[in-house]
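Trainee: Structure supplied as entry19.csv; contents: CSV, C-alpha atoms and all ligand atoms.
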```csv
chain,number,residue,atom,x,y,z
A,1,MET,CA,7.2,-19.7,-3.7
A,2,ASP,CA,10.2,-17.4,-3.4
A,3,LYS,CA,10.5,-16.0,0.1
A,4,LYS,CA,12.1,-12.7,-1.1
A,5,LEU,CA,9.2,-12.2,-3.5
A,6,LEU,CA,6.7,-12.9,-0.8
A,7,GLU,CA,8.4,-10.2,1.4
A,8,ILE,CA,8.0,-7.5,-1.2
A,9,LEU,CA,4.4,-8.3,-2.0
A,10,ALA,CA,1.7,-6.3,-0.4
A,11,CYS,CA,-2.0,-6.3,-0.6
A,12,PRO,CA,-3.1,-4.2,-3.6
A,13,VAL,CA,-6.1,-2.9,-1.7
A,14,CYS,CA,-4.7,-1.9,1.7
A,15,LYS,CA,-0.9,-2.3,1.1
A,16,GLY,CA,-0.8,-4.5,4.1
A,17,PRO,CA,1.2,-7.8,4.6
A,18,LEU,CA,0.1,-11.0,3.0
A,19,LEU,CA,-0.1,-14.5,4.5
A,20,TYR,CA,1.2,-17.3,2.3
A,21,ARG,CA,-1.0,-20.4,2.3
A,22,LYS,CA,1.1,-23.1,0.7
A,23,GLY,CA,-1.6,-25.8,0.5
A,24,GLU,CA,-4.1,-23.5,-1.1
A,25,GLN,CA,-1.4,-21.6,-3.2
A,26,GLU,CA,-3.0,-18.4,-2.1
A,27,LEU,CA,-1.8,-15.1,-0.6
A,28,VAL,CA,-4.2,-13.9,2.0
A,29,CYS,CA,-4.9,-10.4,3.3
A,30,LYS,CA,-6.4,-10.7,6.8
A,31,ALA,CA,-7.6,-7.1,6.8
A,32,ASP,CA,-9.6,-7.3,3.6
A,33,ARG,CA,-10.4,-11.0,3.9
A,34,LEU,CA,-9.2,-11.5,0.3
A,35,ALA,CA,-7.2,-14.5,-1.1
A,36,PHE,CA,-5.0,-13.9,-4.1
A,37,HIS,CA,-4.4,-17.0,-6.2
A,38,ILE,CA,-0.9,-18.1,-7.1
A,39,GLU,CA,-0.6,-19.5,-10.6
A,40,ASN,CA,2.6,-21.3,-11.6
A,41,ASP,CA,4.5,-19.4,-8.8
A,42,ILE,CA,3.1,-16.1,-10.0
A,43,PRO,CA,0.6,-14.4,-7.6
A,44,VAL,CA,-2.3,-12.8,-9.3
A,45,MET,CA,-2.4,-9.5,-7.4
A,46,LEU,CA,-5.7,-8.2,-8.7
A,47,ALA,CA,-8.4,-7.3,-6.4
A,48,ASN,CA,-11.1,-8.2,-8.9
A,49,GLU,CA,-9.5,-11.7,-9.3
A,50,ALA,CA,-9.2,-12.3,-5.6
A,51,ARG,CA,-11.4,-14.7,-3.7
A,52,ALA,CA,-13.4,-13.2,-0.9
A,53,ILE,CA,-12.9,-15.2,2.3
A,54,PRO,CA,-16.2,-15.9,4.0
A,55,ALA,CA,-16.6,-14.9,7.6
A,56,GLU,CA,-16.9,-18.5,8.8
A,57,GLU,CA,-13.5,-19.4,7.2
A,58,GLU,CA,-10.6,-19.1,9.6
A,59,ILE,CA,-7.6,-17.1,8.4
B,1,ZN,ZN,-5.5,-5.8,2.2
```
Show this structure as structure tokens.
Ligand SMILES: [Zn+2]

Mentor:
Amino acid sequence: MDKKLLEILACPVCKGPLLYRKGEQELVCKADRLAFHIENDIPVMLANEARAIPAEEEI
């Protein structure tokens, strides 16, 4: 994924920074414990489409 694009992206919920998980093709917000899926290099920045990260999963 484009690093410049990653830099301008923020969590739609808290506007905080996102962590790029290359293997999972996800953008993760640590504060909200949400993972936004990246489809064909395009991140799906919708809170209702995001995956909730369970407490036992390490971020
Ligand atoms: Zn957030």

Trainee: Return as a compact mmCIF listing (two decimals) with C-alpha atoms, in the coordinates of the input the residues of protein, DNA or RNA that approach ligand ZN 1 (chain B) to within 8 Å, with only C-alpha atoms and all ligand atoms taken into account.

Mentor:
```txt
# COMPACT_ATOMS: atom_id res chain seq x y z
CA ALA A 10 1.70 -6.30 -0.40
CA CYS A 11 -2.00 -6.30 -0.60
CA PRO A 12 -3.10 -4.20 -3.60
CA VAL A 13 -6.10 -2.90 -1.70
CA CYS A 14 -4.70 -1.90 1.70
CA LYS A 15 -0.90 -2.30 1.10
CA GLY A 16 -0.80 -4.50 4.10
CA PRO A 17 1.20 -7.80 4.60
CA LEU A 18 0.10 -11.00 3.00
CA CYS A 29 -4.90 -10.40 3.30
CA LYS A 30 -6.40 -10.70 6.80
CA ALA A 31 -7.60 -7.10 6.80
CA ASP A 32 -9.60 -7.30 3.60
CA ARG A 33 -10.40 -11.00 3.90
CA LEU A 34 -9.20 -11.50 0.30
```

Trainee: May I ask which of the residues A:Ala52, A:Ile8, A:Ile59, A:Ala47 is the closest one to Arg21 (chain A), counting all atoms listed in the file?

Mentor: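 Among the listed residues, the smallest separation from Arg21 (chain A) belongs to A:Ile59.
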
Trainee: I need the residue nearest Asp2 (chain A) from this list: A:Pro54, A:Val28, A:Tyr20, A:Val44. Use all atoms listed in the file for the distance.

Mentor: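 Of A:Pro54, A:Val28, A:Tyr20, A:Val44, the one nearest Asp2 (chain A) is A:Tyr20, counting all atoms listed in the file.
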
Trainee: As a PDB file with C-alpha atoms, in the frame of the given file, please: the residues near Ile42 (chain A) (cut-off 10 Å, only C-alpha atoms, same-chain neighbours under 5 positions excluded).

Mentor:
```pdb
ATOM      1  CA  MET A   1       7.200 -19.700  -3.700  1.00  0.00           C
ATOM      2  CA  ASP A   2      10.200 -17.400  -3.400  1.00  0.00           C
ATOM      3  CA  LEU A   5       9.200 -12.200  -3.500  1.00  0.00           C
ATOM      4  CA  GLN A  25      -1.400 -21.600  -3.200  1.00  0.00           C
ATOM      5  CA  HIS A  37      -4.400 -17.000  -6.200  1.00  0.00           C
TER       6      HIS A  37
END
```

Trainee: Using only C-alpha atoms, which residues sit within 6 Å of Phe36 (chain A) once same-chain residues fewer than 2 positions away are excluded, as a list of chain:residue names?

Mentor: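 The neighbour list is A:Glu26, A:Leu27, A:Val44, A:Ala50.
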
Trainee: Between CA of Asp41 (chain A) and CA of Ile53 (chain A), measure the distance and give it in Å to one decimal.

Mentor: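 That distance, rounded to one decimal, is 21.1 Å.
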
Trainee: What does the structure give for the distance between CA of Glu57 (chain A) and CA of Met45 (chain A), in Å to one decimal?

Mentor: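 That distance, rounded to one decimal, is 20.8 Å.
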
Trainee: Enter the distance from CA of Asn48 (chain A) to CA of Lys3 (chain A), in Å, rounded to one decimal.

Mentor: 24.7 Å
